[in-house]
file protein-v5.txt (compact mmCIF, C-alpha atoms)
# COMPACT_ATOMS: atom_id res chain seq x y z
CA MET A 2 133.56 1.43 91.86
CA HIS A 3 131.76 4.74 91.52
CA LEU A 4 134.04 6.99 93.50
CA ASN A 5 134.10 10.66 92.74
CA PRO A 6 137.64 11.55 91.57
CA LEU A 7 137.65 14.51 93.97
CA VAL A 8 136.92 12.25 96.93
CA LEU A 9 139.77 10.04 95.80
CA LEU A 10 142.08 13.05 95.57
CA VAL A 11 141.38 14.12 99.15
CA ALA A 12 141.60 10.55 100.40
CA ALA A 13 144.99 10.04 98.75
CA ILE A 14 146.36 13.15 100.44
CA PHE A 15 145.00 12.74 103.95
CA THR A 16 143.32 9.49 104.93
CA HIS A 17 145.26 7.06 102.74
CA ASN A 18 148.53 8.95 102.45
CA ILE A 19 150.86 6.91 100.26
CA ALA A 20 153.92 7.62 102.38
CA LEU A 21 152.48 7.28 105.85
CA THR A 22 149.91 4.48 105.48
CA TYR A 23 151.27 2.50 102.54
CA LEU A 24 154.90 3.19 103.51
CA LEU A 25 156.08 3.80 99.96
CA GLY A 26 158.98 5.89 98.71
CA MET A 27 160.78 5.60 102.02
CA CYS A 28 164.40 5.50 100.84
CA PRO A 29 164.31 8.95 99.19
CA MET A 30 162.23 10.17 102.11
CA MET A 31 165.03 9.25 104.53
CA ALA A 32 167.78 10.57 102.29
CA MET A 33 166.24 13.80 101.01
CA SER A 34 164.48 15.10 104.12
CA ARG A 35 167.55 16.70 105.63
CA ARG A 36 166.75 20.20 104.37
CA ILE A 37 163.42 21.83 103.62
CA ASN A 38 164.58 23.19 100.25
CA THR A 39 165.62 19.77 98.93
CA SER A 40 162.48 18.16 100.24
CA VAL A 41 160.28 20.73 98.48
CA GLY A 42 162.12 20.10 95.19
CA MET A 43 161.88 16.34 95.55
CA GLY A 44 158.23 16.48 96.58
CA LEU A 45 157.27 18.63 93.58
CA ALA A 46 159.22 16.40 91.19
CA VAL A 47 157.45 13.29 92.50
CA MET A 48 154.05 14.97 92.30
CA PHE A 49 154.69 16.10 88.72
CA VAL A 50 156.01 12.77 87.42
CA THR A 51 153.25 10.75 89.11
CA ALA A 52 150.58 12.96 87.59
CA VAL A 53 152.08 12.49 84.11
CA THR A 54 152.90 8.76 84.23
CA ALA A 55 149.74 7.40 85.87
CA PRO A 56 147.36 8.35 83.00
CA ILE A 57 149.90 7.11 80.42
CA ASP A 58 150.26 3.80 82.24
CA TRP A 59 146.46 3.55 82.52
CA VAL A 60 146.00 4.05 78.78
CA ILE A 61 148.73 1.57 77.90
CA TYR A 62 147.38 -1.07 80.28
CA ASN A 63 143.73 -0.79 79.29
CA LYS A 64 144.09 -0.07 75.59
CA VAL A 65 147.15 -2.14 74.67
CA LEU A 66 147.88 -4.85 77.24
CA VAL A 67 144.32 -5.95 78.04
CA PRO A 68 143.15 -6.33 74.39
CA THR A 69 146.27 -8.31 73.53
CA HIS A 70 146.02 -10.48 76.71
CA SER A 71 149.54 -9.59 77.79
CA GLU A 72 148.83 -8.36 81.34
CA VAL A 73 151.83 -10.46 82.43
CA MET A 74 154.06 -7.77 80.99
CA MET A 75 152.49 -5.07 83.21
CA LEU A 76 155.45 -4.54 85.56
CA LEU A 77 158.02 -4.50 82.77
CA VAL A 78 156.01 -2.08 80.63
CA PHE A 79 155.27 0.27 83.54
CA ILE A 80 158.91 0.60 84.55
CA ILE A 81 159.97 1.32 80.97
CA VAL A 82 157.22 3.92 80.60
CA ILE A 83 158.29 5.64 83.81
CA ALA A 84 161.95 5.71 82.80
CA ALA A 85 161.07 7.03 79.35
CA VAL A 86 158.69 9.70 80.66
CA VAL A 87 161.26 10.95 83.14
CA GLN A 88 163.90 11.18 80.41
CA LEU A 89 161.49 12.98 78.08
CA LEU A 90 160.33 15.39 80.78
CA GLU A 91 163.90 16.29 81.54
CA LEU A 92 164.64 17.05 77.89
CA LEU A 93 161.44 19.07 77.41
CA MET A 94 161.93 21.03 80.59
CA ARG A 95 165.51 21.87 79.78
CA ARG A 96 164.40 23.14 76.37
CA PHE A 97 161.17 25.01 77.19
CA LEU A 98 161.03 25.64 80.94
CA PRO A 99 164.60 26.31 82.08
CA ALA A 100 163.47 28.04 85.27
CA LEU A 101 161.45 25.01 86.36
CA HIS A 102 164.30 22.74 85.35
CA ALA A 103 166.70 24.64 87.56
CA GLY A 104 164.22 24.15 90.41
CA PHE A 105 163.76 20.42 90.38
CA GLY A 106 165.75 19.14 87.41
CA PRO A 107 168.45 17.45 89.51
CA PHE A 108 165.79 15.38 91.28
CA LEU A 109 164.20 13.97 88.16
CA PRO A 110 166.58 11.01 87.56
CA LEU A 111 166.16 10.00 91.20
CA VAL A 112 162.41 9.98 90.75
CA THR A 113 162.64 7.01 88.35
CA VAL A 114 163.42 4.67 91.21
CA ASN A 115 160.92 6.22 93.60
CA THR A 116 158.49 3.49 94.56
CA THR A 117 155.58 5.91 94.84
CA ILE A 118 155.26 6.45 91.10
CA PHE A 119 155.41 2.78 90.26
CA ALA A 120 153.01 1.90 93.05
CA VAL A 121 150.41 4.46 91.99
CA SER A 122 150.18 2.81 88.56
CA ILE A 123 149.94 -0.67 90.07
CA PHE A 124 147.29 0.44 92.59
CA SER A 125 145.12 1.97 89.87
CA VAL A 126 145.20 -1.30 87.95
CA MET A 127 144.53 -3.43 91.04
CA ARG A 128 141.55 -1.30 92.10
CA ASN A 129 140.06 -0.98 88.60
CA TYR A 130 140.07 2.81 88.56
CA ASN A 131 138.92 4.60 85.41
CA LEU A 132 141.06 7.24 83.74
CA TRP A 133 139.77 10.19 85.80
CA GLN A 134 139.94 8.30 89.03
CA SER A 135 143.48 7.15 88.43
CA THR A 136 144.60 10.67 87.47
CA ALA A 137 143.03 12.12 90.61
CA PHE A 138 144.56 9.34 92.68
CA ALA A 139 147.98 10.05 91.14
CA VAL A 140 147.84 13.80 91.80
CA GLY A 141 146.62 13.18 95.35
CA SER A 142 149.27 10.58 96.07
CA GLY A 143 152.04 12.80 94.75
CA ALA A 144 150.76 15.72 96.82
CA GLY A 145 150.45 13.48 99.87
CA TRP A 146 154.01 12.27 99.49
CA ALA A 147 155.26 15.85 99.06
CA LEU A 148 153.31 16.92 102.16
CA ALA A 149 154.82 14.09 104.20
CA ILE A 150 158.42 14.74 103.14
CA ILE A 151 158.14 18.49 103.75
CA LEU A 152 156.61 17.97 107.21
CA ILE A 153 159.32 15.47 108.13
CA ALA A 154 162.07 17.78 106.88
CA GLY A 155 160.66 20.60 109.01
CA VAL A 156 160.58 18.48 112.15
CA ARG A 157 164.07 17.12 111.43
CA ASN A 158 165.44 20.63 111.18
CA ARG A 159 164.02 21.50 114.60
CA VAL A 160 165.32 18.24 116.09
CA GLN A 161 168.78 18.98 114.75
CA LEU A 162 168.77 22.38 116.42
CA VAL A 163 167.28 21.71 119.82
CA SER A 164 167.25 17.99 120.72
CA ASP A 165 169.82 15.74 122.31
CA VAL A 166 169.31 12.51 120.37
CA PRO A 167 171.18 9.32 121.44
CA ALA A 168 174.17 8.77 119.13
CA ASP A 169 172.98 5.47 117.63
CA LEU A 170 169.52 6.84 116.96
CA ARG A 171 170.70 9.83 114.95
CA GLY A 172 169.93 10.02 111.25
CA ALA A 173 167.71 7.16 110.17
CA GLY A 174 166.42 6.16 113.61
CA ILE A 175 165.06 9.48 114.74
CA THR A 176 163.60 10.16 111.29
CA MET A 177 161.61 6.95 111.56
CA ILE A 178 160.26 7.98 114.95
CA ILE A 179 159.32 11.40 113.55
CA ALA A 180 157.54 9.69 110.66
CA GLY A 181 155.80 7.34 113.08
CA ILE A 182 154.43 10.18 115.19
CA LEU A 183 153.36 11.98 112.02
CA ALA A 184 151.64 8.81 110.78
CA LEU A 185 149.82 8.46 114.11
CA SER A 186 148.61 12.04 113.88
CA PHE A 187 147.31 11.37 110.36
CA ILE A 188 144.96 8.74 111.85
CA GLY A 189 143.03 11.80 113.01
CA PHE A 190 141.96 12.42 109.42
CA SER A 191 140.37 8.99 109.03
CA GLY A 192 136.61 9.12 108.74
CA MET A 193 136.81 12.39 106.83
CA VAL A 194 136.15 10.61 103.53
CA ALA A 195 135.28 6.98 102.95
CA VAL A 196 136.97 4.95 100.23
CA GLN A 197 137.29 1.17 99.81
CA MET B 186 189.22 -26.95 105.44
CA ASN B 187 190.87 -24.34 107.58
CA PHE B 188 188.14 -21.99 108.77
CA ARG B 189 190.48 -19.41 110.20
CA LYS B 190 192.07 -18.98 106.79
CA LEU B 191 188.62 -18.76 105.19
CA ALA B 192 187.89 -15.63 107.18
CA TYR B 193 190.61 -13.76 105.32
CA THR B 194 189.65 -14.72 101.77
CA ARG B 195 188.05 -12.17 99.48
CA PRO B 196 184.79 -14.12 98.84
CA TRP B 197 184.14 -14.50 102.57
CA ARG B 198 184.84 -10.84 103.24
CA VAL B 199 182.56 -9.80 100.39
CA PHE B 200 179.77 -11.94 101.84
CA ILE B 201 180.15 -10.99 105.49
CA THR B 202 180.43 -7.26 104.79
CA GLY B 203 177.03 -7.26 103.15
CA PHE B 204 175.59 -9.73 105.64
CA PHE B 205 176.51 -7.99 108.85
CA LYS B 206 178.85 -4.99 108.81
CA GLU B 207 177.06 -3.04 106.11
CA ASN B 208 173.61 -4.38 106.81
CA ALA B 209 171.39 -3.20 103.97
CA VAL B 210 168.52 -2.00 106.18
CA CYS B 211 170.13 -0.89 109.42
CA TYR B 212 173.37 0.55 108.09
CA GLN B 213 172.75 1.63 104.51
CA VAL B 214 169.07 2.44 105.19
CA LEU B 215 167.87 0.90 101.92
CA GLY B 216 164.81 -1.15 101.06
CA LEU B 217 162.70 0.50 103.71
CA CYS B 218 159.33 0.48 101.93
CA SER B 219 158.95 -3.26 101.96
CA THR B 220 160.69 -3.72 105.31
CA LEU B 221 158.08 -1.49 106.90
CA ALA B 222 155.06 -2.54 104.88
CA VAL B 223 155.42 -6.32 104.70
CA SER B 224 156.65 -6.99 108.25
CA ASN B 225 153.22 -7.28 109.92
CA LYS B 226 153.16 -11.10 109.82
CA MET B 227 156.03 -13.59 109.79
CA GLU B 228 154.75 -15.70 106.89
CA ASN B 229 154.59 -12.63 104.65
CA ALA B 230 158.08 -11.62 105.75
CA VAL B 231 159.50 -15.05 104.98
CA ALA B 232 157.88 -15.10 101.53
CA MET B 233 159.09 -11.58 100.79
CA GLY B 234 162.62 -12.33 102.04
CA ALA B 235 162.85 -15.47 99.91
CA SER B 236 161.60 -13.58 96.84
CA VAL B 237 164.19 -10.86 97.30
CA VAL B 238 166.97 -13.43 97.73
CA PHE B 239 165.94 -15.15 94.49
CA VAL B 240 165.57 -11.93 92.50
CA MET B 241 168.86 -10.51 93.72
CA LEU B 242 170.92 -13.63 93.11
CA VAL B 243 169.68 -14.18 89.58
CA SER B 244 169.64 -10.56 88.47
CA SER B 245 173.10 -9.84 89.90
CA ALA B 246 174.47 -12.89 88.10
CA VAL B 247 172.91 -11.76 84.81
CA ILE B 248 174.16 -8.18 85.18
CA SER B 249 177.61 -9.46 86.03
CA LEU B 250 177.63 -11.72 82.96
CA LEU B 251 176.53 -8.85 80.73
CA ARG B 252 178.79 -6.24 82.32
CA ARG B 253 181.02 -5.91 79.26
CA VAL B 254 178.17 -5.34 76.79
CA ILE B 255 175.92 -2.98 78.80
CA PRO B 256 176.42 0.59 77.52
CA VAL B 257 177.27 2.94 80.39
CA GLN B 258 174.57 5.52 79.75
CA TYR B 259 171.77 2.91 79.55
CA ARG B 260 172.83 0.79 82.49
CA ILE B 261 170.06 1.90 84.89
CA ILE B 262 167.28 0.92 82.50
CA THR B 263 169.08 -2.38 81.82
CA TYR B 264 169.12 -3.14 85.55
CA MET B 265 165.42 -2.43 85.72
CA ILE B 266 164.50 -4.62 82.76
CA VAL B 267 166.58 -7.54 84.02
CA THR B 268 165.20 -7.21 87.55
CA SER B 269 161.60 -6.87 86.43
CA THR B 270 161.86 -10.05 84.35
CA PHE B 271 162.67 -12.07 87.45
CA VAL B 272 160.17 -10.20 89.58
CA ILE B 273 157.42 -11.16 87.12
CA ILE B 274 158.53 -14.80 87.43
CA ILE B 275 158.43 -14.76 91.24
CA ASP B 276 155.12 -12.83 91.26
CA HIS B 277 153.46 -15.51 89.17
CA PHE B 278 155.10 -18.29 91.17
CA LEU B 279 153.62 -16.86 94.38
CA LYS B 280 150.21 -16.31 92.77
CA ALA B 281 150.09 -19.92 91.60
CA ASN B 282 151.45 -21.65 94.69
CA PHE B 283 150.69 -19.39 97.66
CA PRO B 284 147.58 -17.39 96.70
CA THR B 285 146.81 -16.19 100.26
CA ILE B 286 150.30 -14.84 100.89
CA SER B 287 150.37 -13.33 97.41
CA GLY B 288 147.07 -11.56 98.15
CA GLN B 289 148.40 -10.14 101.42
CA LEU B 290 151.66 -8.98 99.86
CA GLY B 291 149.64 -7.27 97.12
CA PRO B 292 151.67 -4.80 95.10
CA TYR B 293 154.78 -5.13 97.24
CA VAL B 294 156.11 -8.12 95.27
CA GLY B 295 156.02 -6.05 92.08
CA LEU B 296 157.71 -3.25 93.96
CA ILE B 297 160.86 -5.37 94.43
CA ILE B 298 161.83 -3.82 91.07
CA THR B 299 162.26 -0.43 92.70
CA ASN B 300 163.74 -1.89 95.90
CA CYS B 301 166.90 0.15 96.35
CA ILE B 302 168.94 -2.82 97.65
CA VAL B 303 168.61 -4.68 94.34
CA MET B 304 169.70 -1.78 92.21
CA GLY B 305 172.25 -0.63 94.78
CA ARG B 306 174.15 -3.90 94.70
CA GLN B 307 173.99 -4.09 90.91
CA GLU B 308 175.34 -0.58 90.52
CA ALA B 309 177.92 -0.81 93.31
CA PHE B 310 179.16 -4.35 92.74
CA ALA B 311 177.79 -6.57 89.97
CA ILE B 312 178.65 -4.18 87.15
CA LYS B 313 182.34 -4.23 88.12
CA ASN B 314 182.97 -7.78 89.38
CA GLY B 315 182.85 -11.41 88.25
CA VAL B 316 179.83 -13.69 88.52
CA GLY B 317 180.93 -15.68 91.58
CA LEU B 318 181.73 -12.64 93.70
CA SER B 319 178.59 -10.83 92.57
CA ILE B 320 176.42 -13.75 93.63
CA LEU B 321 178.10 -13.85 97.06
CA ASP B 322 177.76 -10.10 97.46
CA SER B 323 174.07 -10.06 96.62
CA LEU B 324 173.49 -13.14 98.78
CA GLY B 325 174.96 -11.28 101.75
CA ALA B 326 172.89 -8.18 101.10
CA ALA B 327 169.66 -10.09 100.44
CA LEU B 328 170.07 -12.27 103.53
CA SER B 329 170.80 -9.24 105.69
CA TYR B 330 167.55 -7.70 104.43
CA SER B 331 165.70 -10.95 105.07
CA TYR B 332 166.80 -11.46 108.66
CA VAL B 333 165.98 -7.88 109.61
CA LEU B 334 162.58 -8.24 107.90
CA VAL B 335 161.78 -11.52 109.67
CA GLY B 336 163.05 -10.16 112.99
CA ILE B 337 160.81 -7.09 112.81
CA ALA B 338 157.91 -9.27 111.66
CA ALA B 339 158.37 -11.57 114.66
CA VAL B 340 158.15 -8.63 117.08
CA ARG B 341 155.18 -7.09 115.30
CA GLU B 342 153.24 -10.33 114.95
CA PHE B 343 153.83 -11.21 118.62
CA LEU B 344 152.69 -7.81 119.89
CA GLY B 345 150.02 -7.09 117.30
CA PHE B 346 148.36 -10.47 116.84
CA GLY B 347 149.74 -12.45 119.81
CA SER B 348 150.98 -15.20 117.53
CA LEU B 349 154.13 -16.38 115.76
CA LEU B 350 153.89 -17.82 112.24
CA GLY B 351 150.11 -17.94 112.71
CA VAL B 352 150.31 -19.99 115.94
CA LYS B 353 148.86 -18.36 119.06
CA VAL B 354 151.61 -18.11 121.68
CA THR B 355 150.33 -15.53 124.13
CA PRO B 356 148.20 -16.27 127.24
CA PRO B 357 144.43 -15.78 126.78
CA HIS B 358 144.36 -12.49 128.70
CA PHE B 359 146.90 -10.88 126.39
CA GLU B 360 145.47 -7.72 124.87
CA ASN B 361 146.62 -7.39 121.25
CA TRP B 362 148.56 -4.20 120.70
CA VAL B 363 146.76 -3.39 117.46
CA VAL B 364 148.65 -0.25 116.52
CA ILE B 365 151.91 -2.20 116.22
CA SER B 366 150.39 -4.36 113.48
CA MET B 367 149.21 -1.26 111.62
CA ALA B 368 151.45 0.74 109.29
CA GLN B 369 151.93 3.43 111.93
CA GLY B 370 153.41 1.00 114.45
CA ALA B 371 155.95 -0.29 111.94
CA TRP B 372 157.91 2.94 112.23
CA PHE B 373 158.53 2.61 115.94
CA VAL B 374 159.52 -1.06 115.87
CA MET B 375 161.84 -0.36 112.95
CA ALA B 376 163.44 2.64 114.68
CA ILE B 377 164.12 0.62 117.82
CA PHE B 378 165.53 -2.19 115.67
CA VAL B 379 167.90 0.16 113.88
CA TRP B 380 168.93 1.70 117.20
CA GLY B 381 169.64 -1.70 118.77
CA PHE B 382 171.48 -3.02 115.74
CA ARG B 383 173.75 -0.01 115.56
CA ARG B 384 174.46 -0.19 119.26
CA ILE B 385 175.27 -3.91 119.21
CA ALA B 386 177.27 -3.88 115.97
CA LYS B 387 179.02 -0.67 117.07
CA LEU B 388 178.38 0.86 113.68
CA LYS B 389 179.35 4.39 112.97
CA PRO B 390 176.35 6.07 111.40
CA LEU B 391 176.71 6.61 107.68
CA GLU B 392 175.22 10.07 107.81
CA GLN B 393 176.24 12.78 110.22
CA GLU B 394 173.86 15.45 111.37
call {"tool": "encode", "arguments": {"input": "protein-v5.txt", "output": "structure tokens"}}
result
Amino acid sequence: MHLNPLVLLVAAIFTHNIALTYLLGMCPMMAMSRRINTSVGMGLAVMFVTAVTAPIDWVIYNKVLVPTHSEVMMLLVFIIVIAAVVQLLELLMRRFLPALHAGFGPFLPLVTVNTTIFAVSIFSVMRNYNLWQSTAFAVGSGAGWALAIILIAGVRNRVQLVSDVPADLRGAGITMIIAGILALSFIGFSGMVAVQ
Amino acid sequence: MNFRKLAYTRPWRVFITGFFKENAVCYQVLGLCSTLAVSNKMENAVAMGASVVFVMLVSSAVISLLRRVIPVQYRIITYMIVTSTFVIIIDHFLKANFPTISGQLGPYVGLIITNCIVMGRQEAFAIKNGVGLSILDSLGAALSYSYVLVGIAAVREFLGFGSLLGVKVTPPHFENWVVISMAQGAWFVMAIFVWGFRRIAKLKPLEQE
């Protein structure tokens, strides 16, 4: 694999969007996309945590687990790393960056159980990315997820104001249809960059 | 055994609430990632459903047994460690016995750890109740996830590949509706499924807009 990290970054945002083509992180996407403000906070938190955890997970996997032949422990180690990093980030942000903490602090604990972050680490191992590639992939995936949730929140707001949605389709149902149409429109980006 | 009486016992109510009334996917809107991503073929859906049933039963039982010794502030990380132990077991079981299915499921087996249904039931039920009830509760929730998953997979495999469980069932002129088998099509099938389920079960939506 000799992919340029920049190509990977663009691919992770547009052509292989982690939310719309790999369908990850859907539960928070359904729950948090009711307002644009919340979705921006959640999207930024996910982007930030993914960008921090993916390189750490990469280093731990390739420098600790592979030499000691304990790849079996991968899932367990990754989830502990993510939980620890989120906790640490929250403490550091509260201490040194209170303004940022006020912005997306409340979303940080929720981010621990966001599938996107976990999946990014697993994907980088499965596809044998190197450190730069996996960092670029992580930033791109986080940005792609944030883009998707903000777009969905915007459409949902409009739908709430102007559309007459059938009662049983309200909430989750119509959000899925919005996401589906958005995912279809993202097919238009395919062919822009080639990965895999 | 008097079945009418059974319907009013606590264990039965615990089971049936999770199984039908508060369906994990259609009512609580949890566990969507894997429901959408793994439902392109029925064999994958069956394998995934069975894995989730196994993981949920065992991890809920363990959490329920340990509920008096788990410190409150570290409970989330305890849930994750317990769950990931069993997910690793099932991941390696699938890799050893069903390598093709395991390859198609890819990372989604590992992602059972962050499946919201598993943690949701542990947090909402297993941490407060006895082992027997917790097992019944997670059985109801896991089976409700599994039947929705297999149902969606049946529709998507029929329309997208023209087959059911890998057996061709459509007439030779049938044009495969490829987009339904792609990730993008999953959304629409899922939305219609949720719509139908809520209509038939006469569920009041959890969230109001």
call {"tool": "closest_residue", "arguments": {"input": "protein-v5.txt", "among": "A:Arg95, A:Ser164, A:Phe108, A:Ser186", "to": "Val41 of chain A", "atoms": "only C-alpha atoms"}}
result
A:Phe108
call {"tool": "closest_atom_pairs", "arguments": {"input": "protein-v5.txt", "of": "chain B", "to": "chain A", "cutoff": "6 Å", "atoms": "all atoms listed in the file", "output": "tab-separated table"}}
result
residue	atom	partner	partner_atom	distance
B:Leu215	CA	A:Cys28	CA	5.9
B:Leu217	CA	A:Met27	CA	5.7
B:Cys218	CA	A:Leu25	CA	5.0
B:Ala222	CA	A:Leu24	CA	5.9
B:Ser269	CA	A:Leu77	CA	5.6
B:Thr299	CA	A:Val114	CA	5.4
B:Ala368	CA	A:Thr22	CA	5.6
B:Gln369	CA	A:Ala184	CA	5.5
B:Trp372	CA	A:Gly181	CA	5.0
B:Phe373	CA	A:Ile178	CA	5.7
B:Ala376	CA	A:Gly174	CA	4.7
B:Trp380	CA	A:Leu170	CA	5.2
B:Arg383	CA	A:Asp169	CA	5.9
call {"tool": "residues_around", "arguments": {"input": "protein-v5.txt", "residues": "segment 137-143 of chain A", "least_positions_apart": "6", "cutoff": "7 Å", "atoms": "all atoms listed in the file", "output": "PyMOL selection string"}}
result
chain A and resi 6-7+9-11+13-14+18-19+47-48+51-52+55+121
call {"tool": "atom_distance", "arguments": {"input": "protein-v5.txt", "atom1": "atom CA of Asn208 of chain B", "atom2": "atom CA of Gly325 of chain B"}}
result
8.7 Å
call {"tool": "residues_near_point", "arguments": {"input": "protein-v5.txt", "point": "(147.8, -13.3, 119.9)", "cutoff": "12 Å", "atoms": "all atoms listed in the file", "output": "PyMOL selection string"}}
result
chain B and resi 226+339-363+366
call {"tool": "residues_around", "arguments": {"input": "protein-v5.txt", "residues": "Pro56 of chain A", "least_positions_apart": "2", "cutoff": "7 Å", "atoms": "all atoms listed in the file", "output": "VMD selection string"}}
result
chain A and resid 53 to 54 58 to 60 132 135 to 136
call {"tool": "atom_distance", "arguments": {"input": "protein-v5.txt", "atom1": "atom CA of Cys211 of chain B", "atom2": "atom CA of Ile302 of chain B"}}
result
12.0 Å
call {"tool": "atom_distance", "arguments": {"input": "protein-v5.txt", "atom1": "atom CA of Val254 of chain B", "atom2": "atom CA of Val240 of chain B"}}
result
21.2 Å
call {"tool": "residues_around", "arguments": {"input": "protein-v5.txt", "residues": "Ser244 of chain B", "least_positions_apart": "3", "cutoff": "7 Å", "atoms": "all atoms listed in the file", "output": "list in words"}}
result
Val240, Met241, Val247, Ile248, Val267 and Thr268 of chain B
call {"tool": "closest_residue", "arguments": {"input": "protein-v5.txt", "among": "A:Met94, A:Val50, A:Ala12, A:Val194", "to": "Leu111 of chain A", "atoms": "all atoms listed in the file"}}
result
A:Val50
call {"tool": "closest_residue", "arguments": {"input": "protein-v5.txt", "among": "A:Leu66, A:Ala46, A:Leu4, A:Ile37", "to": "Ile153 of chain A", "atoms": "only C-alpha atoms"}}
result
A:Ile37
call {"tool": "closest_residue", "arguments": {"input": "protein-v5.txt", "among": "A:Val126, A:Thr69, A:Ile83, A:Phe15", "to": "Phe190 of chain A", "atoms": "only C-alpha atoms"}}
result
A:Phe15
call {"tool": "build_atoms", "arguments": {"input": "protein-v5.txt", "residues": "segment 116-136 of chain A", "atoms": "N, CA and C atoms", "output": "PDB file, in the frame of the given file"}}
result
ATOM      1  N   THR A 116     159.532   4.506  94.572  1.00  0.00           N
ATOM      2  CA  THR A 116     158.490   3.490  94.560  1.00  0.00           C
ATOM      3  C   THR A 116     157.099   4.069  94.389  1.00  0.00           C
ATOM      4  N   THR A 117     156.908   5.318  94.870  1.00  0.00           N
ATOM      5  CA  THR A 117     155.580   5.910  94.840  1.00  0.00           C
ATOM      6  C   THR A 117     154.969   5.884  93.450  1.00  0.00           C
ATOM      7  N   ILE A 118     155.764   6.287  92.463  1.00  0.00           N
ATOM      8  CA  ILE A 118     155.260   6.450  91.100  1.00  0.00           C
ATOM      9  C   ILE A 118     154.839   5.114  90.525  1.00  0.00           C
ATOM     10  N   PHE A 119     155.697   4.129  90.730  1.00  0.00           N
ATOM     11  CA  PHE A 119     155.410   2.780  90.260  1.00  0.00           C
ATOM     12  C   PHE A 119     154.177   2.228  90.957  1.00  0.00           C
ATOM     13  N   ALA A 120     154.111   2.455  92.266  1.00  0.00           N
ATOM     14  CA  ALA A 120     153.010   1.900  93.050  1.00  0.00           C
ATOM     15  C   ALA A 120     151.677   2.511  92.654  1.00  0.00           C
ATOM     16  N   VAL A 121     151.668   3.811  92.356  1.00  0.00           N
ATOM     17  CA  VAL A 121     150.410   4.460  91.990  1.00  0.00           C
ATOM     18  C   VAL A 121     149.823   3.789  90.753  1.00  0.00           C
ATOM     19  N   SER A 122     150.668   3.483  89.763  1.00  0.00           N
ATOM     20  CA  SER A 122     150.180   2.810  88.560  1.00  0.00           C
ATOM     21  C   SER A 122     149.654   1.417  88.873  1.00  0.00           C
ATOM     22  N   ILE A 123     150.383   0.692  89.729  1.00  0.00           N
ATOM     23  CA  ILE A 123     149.940  -0.670  90.070  1.00  0.00           C
ATOM     24  C   ILE A 123     148.624  -0.627  90.838  1.00  0.00           C
ATOM     25  N   PHE A 124     148.522   0.323  91.799  1.00  0.00           N
ATOM     26  CA  PHE A 124     147.290   0.440  92.590  1.00  0.00           C
ATOM     27  C   PHE A 124     146.095   0.748  91.693  1.00  0.00           C
ATOM     28  N   SER A 125     146.280   1.642  90.700  1.00  0.00           N
ATOM     29  CA  SER A 125     145.120   1.970  89.870  1.00  0.00           C
ATOM     30  C   SER A 125     144.666   0.771  89.056  1.00  0.00           C
ATOM     31  N   VAL A 126     145.608  -0.092  88.669  1.00  0.00           N
ATOM     32  CA  VAL A 126     145.200  -1.300  87.950  1.00  0.00           C
ATOM     33  C   VAL A 126     144.492  -2.270  88.894  1.00  0.00           C
ATOM     34  N   MET A 127     145.088  -2.452  90.100  1.00  0.00           N
ATOM     35  CA  MET A 127     144.530  -3.430  91.040  1.00  0.00           C
ATOM     36  C   MET A 127     143.132  -3.051  91.493  1.00  0.00           C
ATOM     37  N   ARG A 128     142.862  -1.726  91.594  1.00  0.00           N
ATOM     38  CA  ARG A 128     141.550  -1.300  92.100  1.00  0.00           C
ATOM     39  C   ARG A 128     140.589  -0.932  90.999  1.00  0.00           C
ATOM     40  N   ASN A 129     140.952  -1.231  89.736  1.00  0.00           N
ATOM     41  CA  ASN A 129     140.060  -0.980  88.600  1.00  0.00           C
ATOM     42  C   ASN A 129     139.582   0.461  88.519  1.00  0.00           C
ATOM     43  N   TYR A 130     140.469   1.421  88.711  1.00  0.00           N
ATOM     44  CA  TYR A 130     140.070   2.810  88.560  1.00  0.00           C
ATOM     45  C   TYR A 130     139.861   3.128  87.082  1.00  0.00           C
ATOM     46  N   ASN A 131     138.983   4.117  86.793  1.00  0.00           N
ATOM     47  CA  ASN A 131     138.920   4.600  85.410  1.00  0.00           C
ATOM     48  C   ASN A 131     139.934   5.726  85.240  1.00  0.00           C
ATOM     49  N   LEU A 132     139.985   6.284  84.034  1.00  0.00           N
ATOM     50  CA  LEU A 132     141.060   7.240  83.740  1.00  0.00           C
ATOM     51  C   LEU A 132     141.050   8.431  84.687  1.00  0.00           C
ATOM     52  N   TRP A 133     139.838   9.009  84.929  1.00  0.00           N
ATOM     53  CA  TRP A 133     139.770  10.190  85.800  1.00  0.00           C
ATOM     54  C   TRP A 133     140.141   9.836  87.224  1.00  0.00           C
ATOM     55  N   GLN A 134     139.615   8.694  87.660  1.00  0.00           N
ATOM     56  CA  GLN A 134     139.940   8.300  89.030  1.00  0.00           C
ATOM     57  C   GLN A 134     141.436   8.084  89.202  1.00  0.00           C
ATOM     58  N   SER A 135     142.054   7.434  88.230  1.00  0.00           N
ATOM     59  CA  SER A 135     143.480   7.150  88.430  1.00  0.00           C
ATOM     60  C   SER A 135     144.313   8.434  88.332  1.00  0.00           C
ATOM     61  N   THR A 136     143.880   9.392  87.497  1.00  0.00           N
ATOM     62  CA  THR A 136     144.600  10.670  87.470  1.00  0.00           C
ATOM     63  C   THR A 136     144.475  11.395  88.794  1.00  0.00           C
TER      64      THR A 136
END
